[in-house]
$ cat work-v5.txt   # compact mmCIF, C-alpha atoms
# COMPACT_ATOMS: atom_id res chain seq x y z
CA MET A 1 15.18 -60.35 34.15
CA LYS A 2 14.45 -56.71 33.32
CA ASN A 3 16.94 -56.91 30.43
CA LYS A 4 15.14 -59.92 28.99
CA ILE A 5 11.76 -58.18 29.25
CA SER A 6 13.17 -55.03 27.62
CA LYS A 7 14.65 -57.03 24.77
CA SER A 8 11.35 -58.88 24.24
CA VAL A 9 9.37 -55.63 24.21
CA PHE A 10 11.86 -54.09 21.76
CA PHE A 11 11.69 -57.17 19.49
CA ILE A 12 7.86 -57.18 19.47
CA ALA A 13 7.74 -53.42 18.79
CA ALA A 14 10.24 -53.77 15.94
CA LEU A 15 8.25 -56.66 14.51
CA PHE A 16 5.00 -54.69 14.53
CA LEU A 17 6.73 -51.64 13.04
CA GLY A 18 8.13 -53.81 10.25
CA ILE A 19 4.65 -55.22 9.53
CA ILE A 20 3.13 -51.72 9.41
CA ILE A 21 5.89 -50.45 7.05
CA GLY A 22 5.42 -53.52 4.86
CA VAL A 23 1.67 -52.91 4.58
CA LEU A 24 2.21 -49.23 3.72
CA ILE A 25 4.75 -50.09 1.02
CA ARG A 26 2.50 -52.80 -0.39
CA HIS A 27 -0.29 -50.27 -0.89
CA ASN A 28 1.91 -47.42 -2.07
CA PRO A 29 3.17 -48.14 -5.61
CA ASN A 30 5.53 -45.17 -5.59
CA SER A 31 7.39 -46.40 -2.50
CA TRP A 32 7.58 -49.94 -3.84
CA SER A 33 8.84 -48.63 -7.20
CA ALA A 34 11.57 -46.62 -5.48
CA ILE A 35 12.76 -49.70 -3.58
CA LYS A 36 12.70 -51.83 -6.75
CA SER A 37 14.54 -49.13 -8.65
CA LEU A 38 17.25 -49.06 -5.98
CA TYR A 39 17.57 -52.84 -6.20
CA ILE A 40 17.73 -52.74 -10.01
CA ASN A 41 20.40 -50.03 -9.98
CA ASN A 42 22.51 -51.92 -7.44
CA SER A 43 22.09 -55.12 -9.44
CA ALA A 44 23.18 -53.34 -12.61
CA SER A 45 26.34 -52.13 -10.88
CA SER A 46 27.14 -55.64 -9.71
CA LYS A 47 26.93 -56.93 -13.27
CA LYS A 48 29.93 -54.93 -14.50
CA SER A 49 32.14 -57.98 -14.11
CA ASN A 50 29.99 -59.83 -16.67
CA TRP A 51 31.48 -57.75 -19.47
CA ASN A 52 34.30 -59.44 -21.36
CA THR A 53 37.73 -57.97 -20.66
CA ASP A 54 37.95 -56.91 -24.31
CA PHE A 55 35.44 -54.18 -23.43
CA SER A 56 36.54 -50.94 -21.80
CA ILE A 57 34.74 -48.06 -20.08
CA ALA A 58 34.87 -44.57 -21.55
CA SER A 59 34.24 -41.40 -19.54
CA ILE A 60 32.64 -38.90 -21.91
CA GLU A 61 32.08 -35.30 -20.90
CA SER A 62 28.61 -34.02 -21.76
CA SER A 63 28.66 -31.18 -24.26
CA LEU A 64 25.57 -29.75 -22.54
CA ASP A 65 26.27 -29.77 -18.80
CA ASN A 66 29.84 -31.14 -18.53
CA THR A 67 28.80 -34.15 -16.47
CA ILE A 68 30.67 -37.40 -17.12
CA GLN A 69 28.61 -40.00 -18.98
CA LYS A 70 30.12 -43.47 -19.07
CA ALA A 71 29.92 -46.07 -21.82
CA TYR A 72 31.14 -49.58 -22.42
CA PHE A 73 32.89 -49.93 -25.75
CA TYR A 74 34.83 -52.25 -27.99
CA GLN A 75 37.06 -50.96 -30.75
CA THR A 76 38.05 -52.98 -33.75
CA LYS A 77 41.53 -54.43 -33.95
CA SER A 78 41.40 -54.17 -37.74
CA LYS A 79 43.66 -51.75 -39.59
CA SER A 80 40.79 -51.09 -41.99
CA PRO A 81 37.86 -48.89 -40.87
CA LYS A 82 34.93 -50.92 -39.54
CA PRO A 83 31.25 -50.13 -38.88
CA LEU A 84 30.15 -48.59 -35.59
CA ILE A 85 27.22 -50.13 -33.70
CA VAL A 86 25.60 -47.80 -31.17
CA SER A 87 23.46 -49.96 -28.87
CA LEU A 88 21.04 -48.15 -26.55
CA HIS A 89 20.03 -49.58 -23.17
CA THR A 90 16.45 -50.31 -22.11
CA TRP A 91 14.09 -48.15 -20.04
CA SER A 92 15.36 -49.21 -16.61
CA GLY A 93 18.92 -49.99 -17.66
CA ASP A 94 22.19 -48.10 -17.89
CA TYR A 95 25.53 -48.54 -19.64
CA THR A 96 26.38 -51.62 -17.52
CA GLN A 97 23.25 -53.54 -18.61
CA TYR A 98 23.88 -56.89 -20.32
CA ASP A 99 23.64 -56.51 -24.08
CA ALA A 100 23.68 -59.51 -26.44
CA ILE A 101 24.62 -57.16 -29.31
CA ALA A 102 27.95 -56.48 -27.55
CA GLU A 103 29.25 -60.04 -27.87
CA LEU A 104 28.02 -60.30 -31.45
CA CYS A 105 30.00 -57.17 -32.31
CA ARG A 106 33.13 -58.40 -30.50
CA ASN A 107 32.94 -61.72 -32.34
CA ARG A 108 32.84 -59.85 -35.65
CA ASP A 109 35.44 -57.28 -34.58
CA LEU A 110 33.04 -54.36 -35.08
CA ASN A 111 33.27 -51.04 -33.28
CA TYR A 112 30.65 -50.92 -30.53
CA ILE A 113 29.53 -48.42 -27.89
CA HIS A 114 26.88 -48.72 -25.16
CA PRO A 115 26.29 -45.24 -23.71
CA ASP A 116 24.61 -44.39 -20.40
CA PHE A 117 22.61 -41.33 -21.57
CA ARG A 118 21.47 -40.45 -18.02
CA GLY A 119 20.84 -44.06 -17.01
CA PRO A 120 17.36 -45.35 -16.11
CA ASN A 121 14.41 -43.23 -17.20
CA ASN A 122 13.41 -41.93 -13.78
CA SER A 123 14.59 -38.31 -13.67
CA SER A 124 13.84 -35.01 -15.39
CA LYS A 125 17.04 -35.21 -17.47
CA ALA A 126 16.12 -38.69 -18.76
CA CYS A 127 13.32 -39.84 -21.10
CA CYS A 128 14.83 -38.57 -24.35
CA SER A 129 15.41 -35.07 -23.04
CA GLU A 130 17.87 -32.75 -24.75
CA PHE A 131 20.51 -34.15 -22.38
CA VAL A 132 19.83 -37.75 -23.43
CA LEU A 133 19.97 -36.94 -27.13
CA SER A 134 23.12 -34.87 -26.67
CA ASP A 135 24.74 -37.71 -24.69
CA ILE A 136 24.05 -40.21 -27.48
CA ASP A 137 25.52 -37.82 -30.04
CA ASP A 138 28.52 -37.26 -27.74
CA ALA A 139 29.07 -41.03 -27.55
CA ILE A 140 29.06 -41.27 -31.35
CA THR A 141 31.50 -38.37 -31.58
CA TYR A 142 33.75 -40.09 -29.03
CA ALA A 143 33.76 -43.28 -31.11
CA LEU A 144 34.50 -41.38 -34.32
CA ASP A 145 37.39 -39.56 -32.65
CA ASN A 146 38.91 -42.62 -30.94
CA PHE A 147 38.02 -45.76 -32.93
CA ASN A 148 38.81 -46.84 -36.47
CA VAL A 149 35.28 -46.18 -37.75
CA ASN A 150 33.94 -46.20 -41.28
CA SER A 151 31.90 -43.00 -40.93
CA ASP A 152 29.55 -44.15 -43.70
CA GLN A 153 28.55 -47.16 -41.60
CA ILE A 154 27.13 -45.89 -38.32
CA TYR A 155 24.19 -47.93 -37.02
CA ILE A 156 21.90 -47.32 -34.05
CA ILE A 157 19.86 -50.07 -32.41
CA GLY A 158 17.66 -50.29 -29.33
CA PHE A 159 14.95 -52.36 -27.68
CA SER A 160 12.01 -51.16 -25.53
CA GLY A 161 13.28 -47.99 -23.84
CA GLY A 162 16.27 -48.31 -26.18
CA GLY A 163 13.81 -48.42 -29.09
CA TYR A 164 12.27 -45.23 -27.72
CA ALA A 165 15.75 -43.68 -27.69
CA THR A 166 16.41 -45.02 -31.21
CA LEU A 167 13.28 -43.37 -32.63
CA SER A 168 14.20 -40.15 -30.82
CA THR A 169 17.77 -40.26 -32.12
CA PHE A 170 16.46 -40.74 -35.65
CA MET A 171 14.39 -37.60 -35.17
CA LYS A 172 17.12 -35.40 -33.69
CA SER A 173 20.66 -36.77 -34.05
CA LYS A 174 23.19 -34.54 -35.80
CA HIS A 175 25.17 -37.54 -37.07
CA LYS A 176 24.93 -39.20 -40.45
CA VAL A 177 23.59 -42.59 -39.41
CA LYS A 178 23.08 -45.23 -42.08
CA LYS A 179 20.36 -47.29 -40.36
CA PHE A 180 18.22 -47.18 -37.25
CA SER A 181 16.74 -50.39 -35.82
CA ALA A 182 13.96 -49.87 -33.25
CA TRP A 183 12.41 -52.85 -31.43
CA ALA A 184 9.32 -52.84 -29.16
CA SER A 185 9.59 -49.06 -29.00
CA ILE A 186 7.74 -46.57 -26.85
CA SER A 187 6.74 -43.53 -28.90
CA ASP A 188 4.08 -41.78 -26.80
CA LEU A 189 4.61 -41.22 -23.05
CA VAL A 190 1.05 -39.96 -22.50
CA ALA A 191 -0.39 -43.17 -23.93
CA TRP A 192 2.18 -45.38 -22.19
CA HIS A 193 1.44 -43.77 -18.84
CA LYS A 194 -2.24 -44.76 -19.21
CA GLU A 195 -1.37 -48.23 -20.53
CA SER A 196 1.07 -48.87 -17.71
CA LYS A 197 -1.63 -47.97 -15.17
CA ILE A 198 -4.02 -50.43 -16.80
CA LEU A 199 -1.36 -53.17 -16.82
CA GLU A 200 -0.48 -52.27 -13.21
CA ASN A 201 3.13 -51.58 -14.18
CA PHE A 202 3.36 -49.00 -11.42
CA GLU A 203 7.14 -48.76 -11.62
CA TYR A 204 6.82 -47.35 -15.15
CA VAL A 205 3.98 -45.05 -14.09
CA ASP A 206 6.23 -43.64 -11.37
CA ASN A 207 9.19 -43.38 -13.77
CA ILE A 208 7.17 -41.40 -16.32
CA GLN A 209 5.95 -39.03 -13.63
CA ARG A 210 9.51 -38.47 -12.43
CA CYS A 211 10.69 -37.84 -16.01
CA THR A 212 7.93 -35.31 -16.59
CA GLU A 213 8.26 -33.43 -13.28
CA SER A 214 4.71 -34.47 -12.42
CA ASN A 215 3.24 -33.97 -8.98
CA GLY A 216 0.64 -36.69 -8.56
CA LYS A 217 -1.05 -35.97 -11.91
CA LEU A 218 0.85 -36.48 -15.16
CA ASN A 219 2.33 -33.30 -16.64
CA ILE A 220 0.83 -33.80 -20.09
CA GLU A 221 2.79 -30.99 -21.72
CA ILE A 222 6.23 -32.32 -20.71
CA ALA A 223 5.15 -35.89 -21.54
CA LYS A 224 4.26 -34.72 -25.06
CA GLN A 225 7.56 -32.85 -25.36
CA LYS A 226 9.43 -36.09 -24.59
CA SER A 227 7.43 -38.22 -27.03
CA PRO A 228 8.83 -38.60 -30.57
CA ILE A 229 5.28 -39.20 -31.87
CA ASN A 230 4.80 -35.42 -31.42
CA TRP A 231 8.02 -34.22 -33.06
CA GLN A 232 8.39 -33.00 -36.61
CA THR A 233 10.02 -35.70 -38.74
CA PRO A 234 13.30 -34.69 -40.46
CA THR A 235 11.99 -36.12 -43.73
CA TYR A 236 15.20 -35.26 -45.60
CA LYS A 237 17.01 -37.96 -43.61
CA LEU A 238 14.99 -40.68 -45.30
CA ASP A 239 16.63 -39.81 -48.61
CA HIS A 240 19.82 -41.49 -47.38
CA GLN A 241 19.07 -43.06 -43.96
CA LYS A 242 16.90 -46.07 -43.14
CA LEU A 243 14.53 -46.58 -40.23
CA ASN A 244 13.34 -50.12 -39.49
CA ILE A 245 10.68 -50.63 -36.81
CA TYR A 246 9.81 -54.01 -35.27
CA ALA A 247 7.24 -55.16 -32.74
CA GLY A 248 6.09 -58.55 -31.45
CA ILE A 249 2.38 -59.14 -32.03
CA TYR A 250 1.74 -60.13 -28.39
CA ASP A 251 3.50 -57.13 -26.85
CA GLY A 252 1.08 -55.26 -24.63
CA LEU A 253 -0.49 -58.58 -23.65
CA GLN A 254 2.66 -60.52 -22.74
CA GLY A 255 4.82 -57.44 -22.54
CA SER A 256 4.74 -53.83 -21.44
CA VAL A 257 4.56 -51.84 -24.71
CA PRO A 258 1.51 -52.22 -27.01
CA ILE A 259 2.21 -52.56 -30.74
CA THR A 260 0.25 -49.37 -31.37
CA HIS A 261 3.35 -47.36 -30.38
CA SER A 262 5.25 -48.76 -33.38
CA ILE A 263 2.27 -48.62 -35.75
CA ASN A 264 1.33 -45.05 -34.87
CA PHE A 265 4.91 -43.81 -35.19
CA TYR A 266 5.28 -45.44 -38.62
CA ASN A 267 2.02 -43.83 -39.79
CA LYS A 268 3.11 -40.46 -38.36
CA VAL A 269 6.35 -40.49 -40.37
CA LEU A 270 4.43 -41.32 -43.56
CA LYS A 271 2.06 -38.45 -42.88
CA ASP A 272 5.00 -36.07 -42.41
CA LEU A 273 6.37 -37.37 -45.72
CA ASN A 274 3.05 -36.36 -47.33
CA VAL A 275 2.44 -39.91 -48.55
CA MET A 276 -0.93 -39.88 -50.30
CA ASP A 277 -1.48 -43.52 -51.20
CA SER A 278 -3.30 -45.16 -48.27
CA ILE A 279 -1.94 -48.61 -49.14
CA HIS A 280 1.39 -47.69 -47.53
CA TYR A 281 -0.22 -46.86 -44.17
CA VAL A 282 -1.45 -49.26 -41.51
CA SER A 283 -5.21 -48.73 -41.74
CA GLU A 284 -7.51 -48.59 -38.73
CA GLU A 285 -9.04 -51.87 -39.93
CA GLU A 286 -5.62 -53.56 -40.05
CA LYS A 287 -4.70 -52.19 -36.64
CA LEU A 288 -7.97 -53.37 -35.11
CA SER A 289 -7.63 -56.82 -36.68
CA LEU A 290 -4.10 -57.23 -35.29
CA LEU A 291 -5.20 -56.15 -31.83
CA GLU A 292 -8.35 -58.30 -31.77
CA LYS A 293 -7.24 -61.47 -33.54
CA ARG A 294 -3.42 -61.45 -33.35
CA GLU A 295 -3.38 -63.21 -36.72
CA ALA A 296 -1.31 -62.61 -39.87
CA LEU A 297 -2.93 -60.24 -42.37
CA GLY A 298 -1.24 -61.86 -45.36
CA LEU A 299 1.79 -63.79 -46.54
CA PHE A 300 4.78 -61.63 -45.61
CA GLY A 301 7.39 -64.33 -45.06
CA ASN A 302 9.48 -64.73 -41.94
CA LEU A 303 11.67 -62.55 -39.77
CA SER A 304 14.44 -64.94 -38.75
CA ASN A 305 12.32 -68.02 -37.90
CA ARG A 306 9.26 -65.97 -36.90
CA GLN A 307 6.19 -65.40 -39.02
CA ILE A 308 5.59 -61.80 -40.06
CA PHE A 309 1.99 -60.78 -39.32
CA LEU A 310 2.15 -57.43 -41.10
CA LYS A 311 4.81 -55.68 -43.16
CA LYS A 312 4.68 -52.15 -44.50
CA THR A 313 7.40 -50.25 -46.32
CA TYR A 314 7.75 -46.89 -47.95
CA LYS A 315 11.10 -45.97 -49.42
CA ASN A 316 13.56 -46.04 -46.50
CA ILE A 317 11.14 -46.73 -43.65
CA SER A 318 9.65 -50.10 -42.75
CA LEU A 319 7.41 -51.65 -40.12
CA GLU A 320 7.28 -55.37 -39.30
CA ILE A 321 4.90 -56.92 -36.78
CA PHE A 322 6.12 -60.45 -36.11
CA ASP A 323 5.26 -63.53 -34.08
CA GLY A 324 6.81 -62.48 -30.79
CA GLU A 325 6.40 -60.73 -27.47
CA HIS A 326 8.33 -57.83 -25.91
CA GLU A 327 11.70 -58.75 -27.38
CA ILE A 328 14.53 -58.15 -29.80
CA LEU A 329 16.00 -60.84 -32.05
CA SER A 330 19.57 -59.69 -31.56
CA GLU A 331 21.44 -61.73 -34.17
CA TYR A 332 18.83 -61.09 -36.85
CA ALA A 333 18.78 -57.39 -35.96
CA LEU A 334 22.55 -57.03 -36.32
CA ASN A 335 22.62 -59.00 -39.57
CA GLU A 336 19.88 -56.79 -40.99
CA LEU A 337 21.70 -53.62 -39.96
CA LEU A 338 24.86 -54.73 -41.72
CA SER A 339 23.06 -55.95 -44.84
CA SER A 340 23.17 -53.86 -47.99
CA ASN A 341 19.35 -53.75 -48.19

$ encode --input "work-v5.txt" --output "structure tokens"
Amino acid sequence: MKNKISKSVFFIAALFLGIIIGVLIRHNPNSWSAIKSLYINNSASSKKSNWNTDFSIASIESSLDNTIQKAYFYQTKSKSPKPLIVSLHTWSGDYTQYDAIAELCRNRDLNYIHPDFRGPNNSSKACCSEFVLSDIDDAITYALDNFNVNSDQIYIIGFSGGGYATLSTFMKSKHKVKKFSAWASISDLVAWHKESKILENFEYVDNIQRCTESNGKLNIEIAKQKSPINWQTPTYKLDHQKLNIYAGIYDGLQGSVPITHSINFYNKVLKDLNVMDSIHYVSEEEKLSLLEKREALGLFGNLSNRQIFLKKTYKNISLEIFDGEHEILSEYALNELLSSN
């Protein structure tokens, strides 16, 4: 009888403790984010089997701190050199994350690599730090050394956090990359921290704080240091390299990254290029109209089967705001990278 009573008391106590812990987690975004992050990381690991057996895993030693950074890759079976596609994972992803670009490259027998570059953006060495940018360069070097690559046809592509990494790689990579394709990109961590709070994306708020060594309050200085919007543009690259920026008009409403990140970065590059003619910039009036009305500002044609709401180009940089959300149009993006335009 005493045993039964003891078990009942223990069960009731455990139940109440579980309820109390649940309430605390519910009202503590940081704790909830940590649990979700753990789940996401475990889920990512379990997805490794989803990669086709034609893909292999490389272990690449970091040239900065000698840690091993992994990457999924596919190398062409062709005897002739083929292009290299460097596909960068999203904000919360890692090298195991599903990537539609991978299968498209395999089907075309193109060299492909999907580096880890410190995994999810939730630590001080992540968020386009010197370690991240070095890791991406190391992955490209690995591919050049081990695959049959046409070194004049290196392409970098990324979506969301991968777009953020693509913009950052454009700014600081040592490699001669032919084209960069950035989709739904983050360009300003200070702004995105505020926006994520407003949208109640507390996981991203916590991630940014972890990346910037913040203690409760955002470390503005480190956030600026990890934001390509604040870096000096290597304008010489645009003499022979192309940067294409894309954003869905409804992102920020039906997605996590407002279109202003793409618009402001495009304008920043033009300013660094000393472009004087205002027609090439996205004006404040155009930006406000897009944000208020979400309507096309002219006849710009289509991007795949999507209407283009705004298109701006200057020499080798372009910006296209299209009828979409927080997304990448993978097949279109790869076709555009490989085009001669």

$ closest_atom_pairs --input "work-v5.txt" --of "region 225-324 of chain A" --to "region 200-212 of chain A" --cutoff "12 Å" --atoms "all atoms listed in the file" --output "tab-separated table"
residue	atom	partner	partner_atom	distance
A:Gln225	CA	A:Thr212	CA	9.1
A:Lys226	CA	A:Thr212	CA	8.2
A:Ser227	CA	A:Thr212	CA	10.8
A:Gly252	CA	A:Asn201	CA	11.3
A:Gly255	CA	A:Asn201	CA	10.3
A:Ser256	CA	A:Asn201	CA	7.8
A:Val257	CA	A:Asn201	CA	10.6

$ atom_distance --input "work-v5.txt" --atom1 "CA of Ile140 (chain A)" --atom2 "CA of Val86 (chain A)"
7.4 Å

$ atom_distance --input "work-v5.txt" --atom1 "CA of Leu337 (chain A)" --atom2 "CA of Leu319 (chain A)"
14.4 Å

$ closest_residue --input "work-v5.txt" --among "A:Leu310, A:Ile198, A:Ile186, A:Leu291" --to "His261 (chain A)" --atoms "all atoms listed in the file"
A:Ile186

$ atom_distance --input "work-v5.txt" --atom1 "CA of Lys82 (chain A)" --atom2 "CA of Ser160 (chain A)"
26.9 Å

$ residues_near_point --input "work-v5.txt" --point "(32.2, -63.1, -26.7)" --cutoff "12 Å" --atoms "all atoms listed in the file" --output "PyMOL selection string"
chain A and resi 50-55+74+99-109

$ closest_residue --input "work-v5.txt" --among "A:Lys315, A:Lys125, A:Lys268, A:Lys172" --to "Ile222 (chain A)" --atoms "only C-alpha atoms"
A:Lys125

$ residues_around --input "work-v5.txt" --residues "Ile154 (chain A)" --least-positions-apart "2" --cutoff "6 Å" --atoms "only C-alpha atoms" --output "short mmCIF file (atom, residue, chain, number, x, y, z; two decimals) with C-alpha atoms, in the coordinates of the input"
data_model
loop_
_atom_site.label_atom_id
_atom_site.label_comp_id
_atom_site.auth_asym_id
_atom_site.auth_seq_id
_atom_site.Cartn_x
_atom_site.Cartn_y
_atom_site.Cartn_z
CA PRO A 83 31.25 -50.13 -38.88
CA LEU A 84 30.15 -48.59 -35.59
CA VAL A 177 23.59 -42.59 -39.41
CA LYS A 178 23.08 -45.23 -42.08
#

$ closest_residue --input "work-v5.txt" --among "A:Ile157, A:Leu64, A:Ala182, A:Ile57" --to "Ser134 (chain A)" --atoms "only C-alpha atoms"
A:Leu64
